[in-house]
Amino acid sequence: MEPEPKLELDFKNTEIAFSHKSDKELKKMARLFRLMNNPALVQIGSALGLLAINLRLPFSKYFIKQTLFDQFVGGENLLDCQGAIDHLFRNNALTILDYGAEGKSTEEELNHVMNETVRAIEFAAANTSVPVVSTKITGLVDNIILEKLGRKEALNEGELRQYEQLRERIDNMCSRASELGVGLFVDAEESWIQDPIDDLVDEMMALYNHDKTAVYNTYQLYRKDKLQCLKDAHKKAKEGGYILGAKLVRGAYMDKERDRAEEYNYPSPINETKAETDKMYNDGVRYCVENYKTIASCNASHNTESNRLQANLIHELDIVKNHPHLNFCQLFGMSDNLTFNLAEEGFNVAKYVPYGPVKEVVPYLIRRAKENSSVTGEMSRELGFIDAEIKRRGL
Ligand SMILES: Cc1cc2nc3c(=O)[nH]c(=O)nc-3n(C[C@H](O)[C@H](O)[C@H](O)COP(=O)(O)OP(=O)(O)OC[C@H]3O[C@@H](n4cnc5c(N)ncnc54)[C@H](O)[C@@H]3O)c2cc1C
């Protein structure tokens, strides 16, 4: 038999990457990414932007909406996102909806986040181009509870009640997702609150991942212990007769983690070098693809090599390209070169599309701006791709 031809994925194909952008949109994008490339500007802009929104200064909302919001957020509510969802679907990419609420504490706010997430799950069920909704546990309980549990401290009566409410909120979301055949991703957060999150998500997976995968936990491979955690969770899932849902990320809180470890004088949980994180991440990808029958995974990364690795492995192992257990995902407004070239090849690829009122998504927007201001990381390549496409179009 003829050997399978090698998979030729060209992530530098900017024509495919930006085919959905008009000349005007592309130029607007270039202006924004050029501004973000300046770390000092991002630093000052983030502080001022946050202040302006908190003080409700005139035009602050309008200014943010015209710039970062437009680039990185789907809309202020679910219906607003329909345009972005349809746009992605026309280009063979799916949508993962993410209500952008973080760090909530009053009961009213926490119930609002749960209700909004359930609404998103119901919206997804009616929308074949939205297979998954994402959620953050820090939007569903006061952080104090998670921190106490993370320190293995006993909760008092009132705190136990709050924890029970959290379990109910999560269970409501997971059961609705399972009932309607929608996936629910649970984001990973800081290491000192992650253990109680892992425990809850493991419990939900054991309940709802039997026939289909409804619930996915997130594994941050910048943490020294997380590759082993992924393997342990897989073992537990196999013993419990359910499918492990695993979203892989490198991890978003590196500086915060290292600073805290230094401040409280404990060993940093984060790998010492980027190369170690890359190796662990890629080992995680390999592990998930090799075990795809019992792990439903999502490679959530903007790293070219990690995406290429998964595509090549799927090809080499002769697995159908759009197997429902093998997925790729990037953030809305970033790495279109990966998303649309993978989509063009027939892989399952989605964009994480956050939505919410401007004030709620400002912390998310600041993280995106900071990420794109780095001069050495993969993200700064974004501007390079946009410029290459502008040149190719002769603009
Ligand atoms: C769809 C999606 C969902 C996400 N969900 C989450 C989530 O739930 N929780 C979360 O924490 N993050 C999440 N992230 C962010 C993610 O963790 C990364 O911060 C981001 O994607 C950058 O990593 P990368 O794999 O794209 O590629 P790269 O740009 O190649 O890697 C950058 C990352 O490498 C690591 N790194 C950089 N320098 C070093 C160093 N010196 N030593 C050790 N490690 C280093 C850091 O994690 C850094 O963010 C998500 C990202 C995407 C695309």
# chains A, B, ... in the order shown; residues from 1 in each chain; ligands from 1
$ residues_around --residues "region 16-32 of chain A" --least-positions-apart "2" --cutoff "9 Å" --atoms "only C-alpha atoms" --output "JSON, numbers by chain"
{"A": [11, 12, 13, 14, 34, 35, 36, 37, 67, 68, 71, 87, 88, 90, 91, 335, 336, 337, 338, 339, 340, 341, 344, 383, 385, 386, 387, 389, 390, 393, 395]}
$ residues_around --residues "Arg169 (chain A)" --least-positions-apart "3" --cutoff "12 Å" --atoms "only C-alpha atoms" --output "VMD selection string"
chain A and resid 107 110 to 118 135 to 137 139 to 141 162 to 166 172 to 176 200 204
$ closest_residue --among "A:Glu157, A:Asp98, A:Glu239, A:Asp318" --to "ligand 1" --atoms "only C-alpha atoms and all ligand atoms"
A:Asp98
$ select_by_dssp --residues "region 128-281 of chain A" --states "alpha helix (DSSP H)" --output "ChimeraX atom specification"
/A:143-150,157-180,191-208,226-240,254-263,274-281
$ residues_around --residues "Gly100 (chain A)" --least-positions-apart "3" --cutoff "9 Å" --atoms "only C-alpha atoms" --output "VMD selection string"
chain A and resid 135 to 136 139 354 to 357 360 to 364
$ write_last_selection --atoms "N, CA and C atoms" --output "short mmCIF file (atom, residue, chain, number, x, y, z; two decimals), in the first residue's frame"
data_model
loop_
_atom_site.label_atom_id
_atom_site.label_comp_id
_atom_site.auth_asym_id
_atom_site.auth_seq_id
_atom_site.Cartn_x
_atom_site.Cartn_y
_atom_site.Cartn_z
N THR A 135 -16.74 28.19 31.33
CA THR A 135 -17.07 28.90 32.57
C THR A 135 -15.86 28.97 33.49
N LYS A 136 -15.93 29.92 34.43
CA LYS A 136 -14.86 30.13 35.41
C LYS A 136 -15.45 29.97 36.80
N GLY A 139 -16.21 32.96 39.01
CA GLY A 139 -17.42 33.76 38.77
C GLY A 139 -18.61 33.17 39.52
N PRO A 354 -15.44 35.37 23.99
CA PRO A 354 -16.00 35.94 25.21
C PRO A 354 -17.06 36.97 24.88
N TYR A 355 -18.00 37.15 25.81
CA TYR A 355 -19.01 38.19 25.61
C TYR A 355 -19.42 38.72 26.99
N GLY A 356 -20.02 39.89 26.99
CA GLY A 356 -20.47 40.47 28.26
C GLY A 356 -20.42 41.98 28.19
N PRO A 357 -21.02 42.64 29.18
CA PRO A 357 -20.97 44.10 29.21
C PRO A 357 -19.51 44.58 29.26
N GLU A 360 -17.48 44.34 32.44
CA GLU A 360 -17.16 42.98 32.89
C GLU A 360 -15.94 42.39 32.17
N VAL A 361 -15.78 42.75 30.90
CA VAL A 361 -14.71 42.09 30.13
C VAL A 361 -13.40 42.88 30.14
N VAL A 362 -13.37 44.02 30.84
CA VAL A 362 -12.13 44.82 30.84
C VAL A 362 -10.90 44.02 31.35
N PRO A 363 -11.02 43.25 32.46
CA PRO A 363 -9.84 42.49 32.90
C PRO A 363 -9.33 41.53 31.81
N TYR A 364 -10.29 40.90 31.08
CA TYR A 364 -9.92 39.99 29.99
C TYR A 364 -9.20 40.76 28.88
#
$ closest_residue --among "A:Tyr292, A:Phe185, A:Phe69, A:Phe123" --to "ligand 1" --atoms "only C-alpha atoms and all ligand atoms"
A:Phe185
$ residues_around --residues "Lys279 (chain A)" --least-positions-apart "4" --cutoff "12 Å" --atoms "only C-alpha atoms" --output "PyMOL selection string"
chain A and resi 221-224+227+250+271+273-275+283-286+305-306+309
